[in-house]
Structure formats: C-alpha cells, structure tokens
$ cat target_15.cif   # mmCIF, C-alpha atoms
data_entry
loop_
_atom_site.group_PDB
_atom_site.id
_atom_site.type_symbol
_atom_site.label_atom_id
_atom_site.label_comp_id
_atom_site.auth_asym_id
_atom_site.auth_seq_id
_atom_site.Cartn_x
_atom_site.Cartn_y
_atom_site.Cartn_z
ATOM 1 C CA MET C 239 -13.090 13.548 -6.655
ATOM 2 C CA LYS C 240 -12.898 9.782 -7.058
ATOM 3 C CA PHE C 241 -9.448 8.153 -7.078
ATOM 4 C CA ASP C 242 -7.656 4.874 -6.444
ATOM 5 C CA LEU C 243 -3.920 4.832 -5.710
ATOM 6 C CA HIS C 244 -3.289 1.114 -5.289
ATOM 7 C CA THR C 245 -3.528 -1.153 -8.344
ATOM 8 C CA HIS C 246 -1.477 -3.995 -9.773
ATOM 9 C CA HIS C 247 -1.211 -5.755 -13.140
ATOM 10 C CA GLU C 248 0.241 -8.805 -14.817
ATOM 11 C CA ARG C 249 3.955 -7.989 -14.344
ATOM 12 C CA CYS C 250 3.859 -8.980 -10.657
ATOM 13 C CA GLY C 251 2.811 -12.525 -11.547
ATOM 14 C CA HIS C 252 -0.279 -12.749 -9.346
ATOM 15 C CA ALA C 253 -2.567 -10.136 -10.905
ATOM 16 C CA ASN C 254 -4.629 -10.212 -14.070
ATOM 17 C CA GLY C 255 -4.724 -7.651 -16.851
ATOM 18 C CA THR C 256 -2.532 -4.992 -18.404
ATOM 19 C CA ILE C 257 -1.970 -1.493 -17.056
ATOM 20 C CA GLU C 258 -4.297 -0.154 -19.722
ATOM 21 C CA ASP C 259 -7.012 -2.573 -18.599
ATOM 22 C CA TYR C 260 -6.923 -0.926 -15.162
ATOM 23 C CA ILE C 261 -7.082 2.560 -16.649
ATOM 24 C CA ILE C 262 -10.111 1.605 -18.752
ATOM 25 C CA ALA C 263 -11.735 0.034 -15.668
ATOM 26 C CA ALA C 264 -11.118 3.272 -13.771
ATOM 27 C CA LEU C 265 -12.819 5.263 -16.517
ATOM 28 C CA ASP C 266 -15.766 2.876 -16.454
ATOM 29 C CA ALA C 267 -15.970 3.265 -12.658
ATOM 30 C CA GLY C 268 -16.101 7.053 -12.929
ATOM 31 C CA LEU C 269 -12.685 7.757 -11.430
ATOM 32 C CA GLN C 270 -10.888 11.014 -12.141
ATOM 33 C CA VAL C 271 -7.504 9.699 -10.943
ATOM 34 C CA ILE C 272 -5.985 6.235 -11.201
ATOM 35 C CA GLY C 273 -2.653 5.314 -9.638
ATOM 36 C CA ILE C 274 -0.623 2.421 -11.003
ATOM 37 C CA SER C 275 1.444 0.870 -8.212
ATOM 38 C CA ASP C 276 2.657 -2.607 -8.994
ATOM 39 C CA HIS C 277 4.946 -4.550 -6.668
ATOM 40 C CA SER C 278 8.570 -3.447 -6.767
ATOM 41 C CA PRO C 279 11.259 -5.825 -7.963
ATOM 42 C CA TYR C 280 13.373 -7.450 -5.258
ATOM 43 C CA PHE C 281 16.220 -4.990 -5.658
ATOM 44 C CA GLY C 282 18.090 -6.583 -2.758
ATOM 45 C CA SER C 283 18.565 -9.816 -4.690
ATOM 46 C CA GLU C 284 21.219 -10.475 -7.322
ATOM 47 C CA GLN C 285 18.670 -12.496 -9.281
ATOM 48 C CA ASP C 286 16.518 -10.756 -11.879
ATOM 49 C CA GLN C 287 13.258 -12.227 -10.566
ATOM 50 C CA PRO C 288 13.763 -14.431 -7.497
ATOM 51 C CA PHE C 289 10.014 -14.630 -6.792
ATOM 52 C CA PRO C 290 8.164 -14.564 -10.142
ATOM 53 C CA GLY C 291 4.737 -15.103 -8.599
ATOM 54 C CA ILE C 292 5.139 -12.216 -6.167
ATOM 55 C CA ALA C 293 6.885 -9.268 -7.824
ATOM 56 C CA MET C 294 8.081 -8.058 -11.204
ATOM 57 C CA ALA C 295 11.563 -8.765 -12.512
ATOM 58 C CA ARG C 296 14.206 -6.097 -12.129
ATOM 59 C CA SER C 297 14.525 -6.129 -15.929
ATOM 60 C CA ASP C 298 10.813 -5.163 -16.155
ATOM 61 C CA PHE C 299 11.214 -2.050 -14.014
ATOM 62 C CA LYS C 300 12.135 0.365 -16.821
ATOM 63 C CA SER C 301 9.442 -0.932 -19.164
ATOM 64 C CA TYR C 302 6.904 -0.549 -16.331
ATOM 65 C CA VAL C 303 7.828 3.086 -15.774
ATOM 66 C CA ASP C 304 7.909 3.808 -19.514
ATOM 67 C CA GLU C 305 4.499 2.217 -20.076
ATOM 68 C CA VAL C 306 2.818 4.167 -17.284
ATOM 69 C CA LEU C 307 4.328 7.424 -18.566
ATOM 70 C CA ARG C 308 3.158 6.620 -22.104
ATOM 71 C CA LEU C 309 -0.369 5.866 -20.908
ATOM 72 C CA LYS C 310 -0.352 8.993 -18.752
ATOM 73 C CA GLU C 311 0.035 10.991 -21.966
ATOM 74 C CA LYS C 312 -2.401 8.858 -23.954
ATOM 75 C CA TYR C 313 -5.229 9.366 -21.452
ATOM 76 C CA LYS C 314 -4.502 12.995 -20.583
ATOM 77 C CA GLY C 315 -7.766 14.932 -20.521
ATOM 78 C CA ARG C 316 -9.810 11.801 -19.882
ATOM 79 C CA ILE C 317 -8.314 10.577 -16.600
ATOM 80 C CA GLU C 318 -5.193 11.456 -14.638
ATOM 81 C CA VAL C 319 -2.820 8.494 -14.556
ATOM 82 C CA LEU C 320 -0.282 8.550 -11.726
ATOM 83 C CA LEU C 321 3.011 6.681 -11.636
ATOM 84 C CA GLY C 322 3.407 4.861 -8.347
ATOM 85 C CA MET C 323 4.863 1.681 -6.965
ATOM 86 C CA GLU C 324 4.189 -0.525 -3.983
ATOM 87 C CA SER C 325 7.663 -0.984 -2.585
ATOM 88 C CA ASP C 326 8.760 -3.660 -0.186
ATOM 89 C CA PHE C 327 10.654 -2.435 2.845
ATOM 90 C CA PHE C 328 13.695 -4.378 3.998
ATOM 91 C CA PRO C 329 15.887 -2.317 6.354
ATOM 92 C CA LYS C 330 19.132 -3.935 5.227
ATOM 93 C CA HIS C 331 18.354 -3.146 1.576
ATOM 94 C CA ALA C 332 16.761 0.277 2.075
ATOM 95 C CA GLU C 333 19.593 2.190 0.413
ATOM 96 C CA THR C 334 19.561 -0.146 -2.596
ATOM 97 C CA TYR C 335 15.845 0.530 -3.055
ATOM 98 C CA ARG C 336 16.354 4.263 -2.527
ATOM 99 C CA ASP C 337 19.010 4.311 -5.257
ATOM 100 C CA ALA C 338 16.750 2.381 -7.634
ATOM 101 C CA TYR C 339 13.984 4.983 -7.237
ATOM 102 C CA LYS C 340 16.214 8.066 -7.222
ATOM 103 C CA ASP C 341 15.762 9.333 -10.781
ATOM 104 C CA VAL C 342 12.299 7.944 -11.509
ATOM 105 C CA PRO C 343 9.496 10.545 -11.892
ATOM 106 C CA PHE C 344 7.157 8.888 -9.409
ATOM 107 C CA ASP C 345 3.993 10.616 -8.295
ATOM 108 C CA TYR C 346 4.097 8.589 -5.092
ATOM 109 C CA LEU C 347 5.562 5.498 -3.450
ATOM 110 C CA ILE C 348 3.662 3.113 -1.187
ATOM 111 C CA GLY C 349 5.813 1.441 1.440
ATOM 112 C CA SER C 350 4.520 -1.961 2.499
ATOM 113 C CA VAL C 351 5.849 -4.536 4.926
ATOM 114 C CA HIS C 352 5.195 -7.985 3.496
ATOM 115 C CA GLN C 353 7.646 -10.055 5.571
ATOM 116 C CA VAL C 354 8.358 -10.310 9.286
ATOM 117 C CA SER C 355 11.158 -12.541 10.588
ATOM 118 C CA GLY C 356 11.678 -13.690 7.005
ATOM 119 C CA VAL C 357 8.127 -15.070 6.674
ATOM 120 C CA SER C 358 5.287 -13.621 4.598
ATOM 121 C CA ILE C 359 2.680 -11.774 6.637
ATOM 122 C CA PHE C 360 0.068 -13.719 4.653
ATOM 123 C CA ASN C 361 1.476 -17.146 5.517
ATOM 124 C CA ARG C 362 -1.434 -19.007 7.091
ATOM 125 C CA ASN C 363 0.902 -21.204 9.150
ATOM 126 C CA ARG C 364 3.082 -18.546 10.760
ATOM 127 C CA TRP C 365 0.923 -18.348 13.904
ATOM 128 C CA LYS C 366 0.629 -22.088 14.574
ATOM 129 C CA GLY C 367 1.950 -23.136 17.954
ATOM 130 C CA LEU C 368 3.109 -19.677 19.009
ATOM 131 C CA SER C 369 2.769 -18.711 22.650
ATOM 132 C CA ASN C 370 0.964 -15.495 23.575
ATOM 133 C CA GLU C 371 4.328 -13.860 24.259
ATOM 134 C CA LYS C 372 5.684 -14.868 20.848
ATOM 135 C CA GLN C 373 2.542 -13.611 19.103
ATOM 136 C CA ILE C 374 2.938 -10.242 20.805
ATOM 137 C CA SER C 375 6.607 -10.206 19.797
ATOM 138 C CA GLU C 376 5.782 -10.932 16.139
ATOM 139 C CA LYS C 377 3.111 -8.231 16.063
ATOM 140 C CA SER C 378 5.485 -5.748 17.672
ATOM 141 C CA SER C 379 8.173 -6.638 15.106
ATOM 142 C CA TYR C 380 5.677 -5.936 12.321
ATOM 143 C CA TYR C 381 4.911 -2.476 13.654
ATOM 144 C CA ASP C 382 8.579 -1.780 14.309
ATOM 145 C CA LEU C 383 9.233 -2.378 10.602
ATOM 146 C CA ILE C 384 6.361 -0.049 9.719
ATOM 147 C CA GLN C 385 7.885 2.599 11.970
ATOM 148 C CA GLN C 386 11.255 2.139 10.292
ATOM 149 C CA SER C 387 9.646 2.499 6.867
ATOM 150 C CA ALA C 388 8.002 5.750 7.983
ATOM 151 C CA ARG C 389 11.297 7.114 9.302
ATOM 152 C CA SER C 390 13.159 6.142 6.125
ATOM 153 C CA GLY C 391 11.780 9.119 4.196
ATOM 154 C CA MET C 392 11.294 6.928 1.135
ATOM 155 C CA PHE C 393 7.514 6.771 1.079
ATOM 156 C CA ASP C 394 4.446 8.964 0.699
ATOM 157 C CA ILE C 395 1.934 6.298 1.756
ATOM 158 C CA LEU C 396 2.170 3.253 3.992
ATOM 159 C CA GLY C 397 0.248 0.263 2.710
ATOM 160 C CA HIS C 398 -2.257 -1.922 4.582
ATOM 161 C CA ILE C 399 -0.860 -1.363 8.072
ATOM 162 C CA ASP C 400 -2.677 -4.271 9.727
ATOM 163 C CA ALA C 401 -2.592 -6.715 6.816
ATOM 164 C CA MET C 402 -1.186 -9.500 8.997
ATOM 165 C CA LYS C 403 -4.827 -10.104 9.942
ATOM 166 C CA GLY C 404 -5.657 -11.034 6.332
ATOM 167 C CA TYR C 405 -5.541 -14.806 6.854
ATOM 168 C CA TYR C 406 -5.438 -14.654 10.645
ATOM 169 C CA PRO C 407 -8.290 -12.452 11.924
ATOM 170 C CA ALA C 408 -7.228 -13.093 15.538
ATOM 171 C CA PHE C 409 -4.214 -10.845 14.818
ATOM 172 C CA SER C 410 -6.369 -7.851 15.761
ATOM 173 C CA ASP C 411 -6.881 -9.283 19.251
ATOM 174 C CA ILE C 412 -3.175 -9.699 20.028
ATOM 175 C CA PRO C 413 -2.479 -6.956 22.589
ATOM 176 C CA ALA C 414 -0.329 -4.213 21.054
ATOM 177 C CA ASP C 415 -2.106 -0.907 21.673
ATOM 178 C CA GLU C 416 1.050 0.842 22.826
ATOM 179 C CA VAL C 417 3.152 -0.143 19.818
ATOM 180 C CA ILE C 418 0.331 0.750 17.411
ATOM 181 C CA ASP C 419 -0.025 4.159 19.045
ATOM 182 C CA ASP C 420 3.733 4.666 18.823
ATOM 183 C CA THR C 421 3.577 3.722 15.146
ATOM 184 C CA LEU C 422 0.788 6.185 14.427
ATOM 185 C CA ARG C 423 2.729 8.949 16.218
ATOM 186 C CA VAL C 424 5.762 8.246 14.011
ATOM 187 C CA ILE C 425 3.628 8.241 10.854
ATOM 188 C CA ALA C 426 2.029 11.555 11.815
ATOM 189 C CA LYS C 427 5.403 13.113 12.689
ATOM 190 C CA HIS C 428 6.757 12.248 9.246
ATOM 191 C CA ASP C 429 3.584 13.415 7.457
ATOM 192 C CA ILE C 430 2.960 10.145 5.659
ATOM 193 C CA ALA C 431 -0.516 8.928 4.756
ATOM 194 C CA ILE C 432 -1.944 5.511 5.495
ATOM 195 C CA GLU C 433 -4.251 3.891 2.999
ATOM 196 C CA ILE C 434 -7.681 2.479 3.565
ATOM 197 C CA ASN C 435 -7.172 -0.673 1.550
ATOM 198 C CA THR C 436 -10.315 -2.580 0.602
ATOM 199 C CA SER C 437 -8.579 -5.783 -0.474
ATOM 200 C CA GLY C 438 -9.019 -7.205 3.022
ATOM 201 C CA SER C 439 -12.575 -7.951 1.954
ATOM 202 C CA THR C 440 -11.122 -10.592 -0.405
ATOM 203 C CA LYS C 441 -9.225 -12.356 2.419
ATOM 204 C CA ASP C 442 -10.366 -14.461 5.375
ATOM 205 C CA VAL C 443 -10.669 -11.389 7.582
ATOM 206 C CA GLY C 444 -13.417 -10.037 5.331
ATOM 207 C CA GLY C 445 -12.821 -6.365 6.073
ATOM 208 C CA TRP C 446 -10.674 -3.393 5.191
ATOM 209 C CA TYR C 447 -7.152 -2.517 6.265
ATOM 210 C CA PRO C 448 -6.781 -0.960 8.773
ATOM 211 C CA SER C 449 -9.510 -1.627 11.302
ATOM 212 C CA ASP C 450 -11.891 1.074 12.478
ATOM 213 C CA ALA C 451 -10.129 1.027 15.861
ATOM 214 C CA ILE C 452 -6.820 1.929 14.208
ATOM 215 C CA LEU C 453 -8.487 4.573 12.039
ATOM 216 C CA GLU C 454 -10.021 6.190 15.118
ATOM 217 C CA ARG C 455 -6.589 6.390 16.719
ATOM 218 C CA ALA C 456 -5.045 7.610 13.457
ATOM 219 C CA LEU C 457 -7.508 10.503 13.496
ATOM 220 C CA HIS C 458 -6.549 11.252 17.108
ATOM 221 C CA PHE C 459 -2.858 11.430 16.201
ATOM 222 C CA GLY C 460 -3.428 13.503 13.052
ATOM 223 C CA VAL C 461 -2.493 10.866 10.480
ATOM 224 C CA ASN C 462 -3.561 11.562 6.899
ATOM 225 C CA VAL C 463 -5.498 8.894 5.009
ATOM 226 C CA THR C 464 -5.881 7.935 1.377
ATOM 227 C CA PHE C 465 -7.711 5.262 -0.624
ATOM 228 C CA GLY C 466 -6.494 2.170 -2.451
ATOM 229 C CA SER C 467 -8.412 -0.850 -3.664
ATOM 230 C CA ASP C 468 -5.231 -2.941 -4.036
ATOM 231 C CA ALA C 469 -6.912 -4.301 -7.157
ATOM 232 C CA HIS C 470 -5.331 -7.393 -8.681
ATOM 233 C CA LYS C 471 -8.018 -7.597 -11.339
ATOM 234 C CA PRO C 472 -9.545 -4.667 -13.234
ATOM 235 C CA SER C 473 -13.058 -5.255 -11.911
ATOM 236 C CA ARG C 474 -11.927 -4.254 -8.391
ATOM 237 C CA VAL C 475 -10.683 -0.773 -9.333
ATOM 238 C CA GLY C 476 -12.316 1.775 -7.015
ATOM 239 C CA ASP C 477 -13.941 -1.048 -5.036
ATOM 240 C CA GLU C 478 -16.021 0.281 -2.112
ATOM 241 C CA PHE C 479 -14.721 3.844 -2.539
ATOM 242 C CA GLU C 480 -18.010 5.447 -1.498
ATOM 243 C CA LEU C 481 -18.410 3.120 1.496
ATOM 244 C CA VAL C 482 -14.925 4.076 2.671
ATOM 245 C CA ARG C 483 -15.679 7.778 2.236
ATOM 246 C CA LYS C 484 -18.876 7.381 4.264
ATOM 247 C CA ARG C 485 -17.145 5.455 7.052
ATOM 248 C CA LEU C 486 -14.306 7.963 7.319
ATOM 249 C CA LYS C 487 -16.835 10.766 7.759
ATOM 250 C CA GLU C 488 -18.579 8.742 10.480
ATOM 251 C CA ILE C 489 -15.270 8.266 12.292
ATOM 252 C CA GLY C 490 -14.653 12.006 12.111
ATOM 253 C CA PHE C 491 -12.280 12.570 9.208
ATOM 254 C CA SER C 492 -12.984 15.644 7.079
ATOM 255 C CA GLN C 493 -10.319 15.151 4.387
ATOM 256 C CA TRP C 494 -8.088 12.668 2.644
ATOM 257 C CA VAL C 495 -5.133 12.977 0.292
ATOM 258 C CA PHE C 496 -3.558 11.814 -2.926
ATOM 259 C CA TYR C 497 -0.163 12.568 -4.460
ATOM 260 C CA ARG C 498 1.109 14.147 -7.643
ATOM 261 C CA LYS C 499 4.847 14.514 -8.304
ATOM 262 C CA ARG C 500 5.503 13.512 -4.675
ATOM 263 C CA GLN C 501 3.395 16.433 -3.452
ATOM 264 C CA GLN C 502 0.447 15.841 -1.140
ATOM 265 C CA ILE C 503 -2.931 17.032 -2.468
ATOM 266 C CA VAL C 504 -5.628 17.449 0.175
ATOM 267 C CA LEU C 505 -9.239 16.748 -0.791
ATOM 268 C CA PRO C 506 -12.422 17.209 1.242
ATOM 269 C CA LEU C 507 -14.303 14.004 1.977
#
$ encode --input "target_15.cif" --output "structure tokens"
Amino acid sequence: MKFDLHTHHERCGHANGTIEDYIIAALDAGLQVIGISDHSPYFGSEQDQPFPGIAMARSDFKSYVDEVLRLKEKYKGRIEVLLGMESDFFPKHAETYRDAYKDVPFDYLIGSVHQVSGVSIFNRNRWKGLSNEKQISEKSSYYDLIQQSARSGMFDILGHIDAMKGYYPAFSDIPADEVIDDTLRVIAKHDIAIEINTSGSTKDVGGWYPSDAILERALHFGVNVTFGSDAHKPSRVGDEFELVRKRLKEIGFSQWVFYRKRQQIVLPL
C-alpha cells in the first residue's frame, strides 16, 4: 500500500496549495492513503499567529480540523484521508499543546523539534564560530529534546530526527553516537515511529532524514518507521516513496507503519 503521512498546505504560510490539492495529487500519484499534517499553531503564545510564515494561526485550527474531516468524507472510497498534525515540541508548553489536542479526532500526531536554544534548526548561521565542544552540546540538546518528546506520550511519529543537517551537512559528522543511540532506545521503548522524510532532498544536504547510519541503528533497536514526503507543494506528494521502500529493505527492515485513529497499522514493505 502506498501512503504519505507528512503534508502541508497554505495555512502554514510557507506551503502552496489547498488541502484538497494535496488529496488530488495523492490520487494522481496512486496513493491509497494521504495524511494531512500541517504545522501546529504556536499554542504557547498569547498571540493568534506570532509567526505567520511558519505556522497556522490558532484561530485557523478548528477550520483546519473541520476541513480535513469534511474531505475525509468527500473522498471516502477513493482514497483514505487521515487527520494529522505536525506539532512543535516545547517542554515548557507541552501541557498547553496536550490540552489543545485533547478532544480532536486525530489519526496521528507528528512531534517535531524545530528549535534548539531558541534558534531554528534550519538557521544557516547557528553553527558559525562554534567550538567543537559547543557543536557537540547543541547536537546533544537537539536529541535531548527529541527524547523528551518521545517520553511525553503526545506523539505517534517523530519527525525528521536529524533535520539539523538540512542546511548544515557537517551536522552528521559532529560526534554524538551515544546520545543518538540513547534517543533510539527511548523511541523504541515508547513504541513511537520515526519517519523517513524525503524533504531533505530539497535542502543543502541533498538527502533524506534520517541518514542511513541512523536507520541502521534504528533497526537494531527495534524502532518502527513510516514514510512522509513533508510536501510543501502538491507535486511532491509521495516523493521517492518507492526508493525509500527499496532502501529500507536493503537495510533490513521488513515492515513499516501508518496510523488510523491513533492506532498503529503494520504493513509489509
């Protein structure tokens, strides 16, 4: 079965197209399941939309949920539409986010760390002038936040777990094997999936998230995997799905998962 659990749309302010555009693109790409997972509002802020080019407004949250549920019914029998969200993870606001999601009929939630030490992981300048020790510290802080998000119990999937390499490919060479292994152990213990996210191919790093080295260790620790294009334009829906499936088999995976009503569905590769 062909699926894609990570897609965005125009509400977040940096993606093109409507939700329905992504569903139609999924049909055209031969998908049987399409997950809609736009960026969560900044629920920790008192402002409605403090970062309009990054995430949807809090006032758009209900209309987002309602639209996905409406389209789920409209396309029933043609393609399964899943209600998801890519949620930021900020430890000090975790309970506020948990409360916001409490009564929403999500099929799944993706937990993603987008900021470390108050700076975007995609900020091209964050590594300038840092000593080796400080680079290791920043990388360790990133994985500590990922571990905290796994322990929170809020999420079904963890998004792009080495995305700090997106505009800084040397990130992968910063020594952190122990903390990455610890992170994968935590993820496995809490039975959360990690996504193979093909949007890294659109960044400087030119490859998927996470690296093959991390995927090999994820397999060793028994971490489940899933697929997400992280499409910000409809033409990327399902991007490189078959290549990912092939590579996972080569690494040694025999299955991957998707989610429906917060329940894990296991599929053979």
$ resolve_selection --input "target_15.cif" --expression "the PyMOL selection byres ((chain C and resi 257-269) around 12)" --output "ChimeraX atom specification"
/C:239-250,253-256,270-276,301-310,312-321,467-480
$ closest_residue --input "target_15.cif" --among "C:Gly466, C:Gly367, C:Pro288, C:Gly438" --to "Met402 (chain C)" --atoms "only C-alpha atoms"
C:Gly438
$ closest_atom_pairs --input "target_15.cif" --of "region 314-341 of chain C" --to "region 290-297 of chain C" --cutoff "12 Å" --atoms "all atoms listed in the file" --output "tab-separated table"
residue	atom	partner	partner_atom	distance
C:Met323	CA	C:Met294	CA	11.1
C:Glu324	CA	C:Ala293	CA	9.9
C:Ser325	CA	C:Ala293	CA	9.8
C:Asp326	CA	C:Ala293	CA	9.7
C:Tyr335	CA	C:Arg296	CA	11.4
C:Ala338	CA	C:Arg296	CA	9.9
$ atom_distance --input "target_15.cif" --atom1 "CA of Asp286 (chain C)" --atom2 "CA of His331 (chain C)"
15.6 Å
$ closest_residue --input "target_15.cif" --among "C:Asp382, C:Asp337, C:Glu371, C:Glu488" --to "Ile399 (chain C)" --atoms "all atoms listed in the file"
C:Asp382
$ residues_near_point --input "target_15.cif" --point "(-12.4, 13.1, 2.0)" --cutoff "12 Å" --atoms "only C-alpha atoms" --output "ChimeraX atom specification"
/C:239-241,434,462-465,479-496,503-507
$ resolve_selection --input "target_15.cif" --expression "the PyMOL selection byres ((chain C and resi 389) around 10)" --output "list in words"
Leu383, Ile384, Gln385, Gln386, Ser387, Ala388, Ser390, Gly391, Met392, Phe393, Val424, Ile425, Lys427, His428 and Ile430 of chain C
$ axis_aligned_box --input "target_15.cif" --around "region 335-343 of chain C" --padding-each-side "6 Å" --output "AutoDock Vina command-line options"
--center_x 14.3 --center_y 5.5 --center_z -7.2 --size_x 21.5 --size_y 22.0 --size_z 21.4
$ atom_distance --input "target_15.cif" --atom1 "CA of Asn435 (chain C)" --atom2 "CA of Asp420 (chain C)"
21.1 Å
$ atom_distance --input "target_15.cif" --atom1 "CA of Tyr380 (chain C)" --atom2 "CA of His252 (chain C)"
23.5 Å
$ closest_residue --input "target_15.cif" --among "C:Ser369, C:Val342, C:Thr334, C:Ser283" --to "Lys300 (chain C)" --atoms "only C-alpha atoms"
C:Val342
$ closest_residue --input "target_15.cif" --among "C:Ser410, C:Ser278, C:Glu376, C:Leu396" --to "Asp298 (chain C)" --atoms "only C-alpha atoms"
C:Ser278
$ resolve_selection --input "target_15.cif" --expression "the PyMOL selection byres ((chain C and resi 441-446) around 8)" --output "PyMOL selection string"
chain C and resi 403-407+434-440+447-449
$ residues_around --input "target_15.cif" --residues "Leu422 (chain C)" --least-positions-apart "5" --cutoff "9 Å" --atoms "all atoms listed in the file" --output "list in words"
Gln385, Val417, Lys427, Ile452, Arg455, Ala456, Phe459, Gly460 and Val461 of chain C
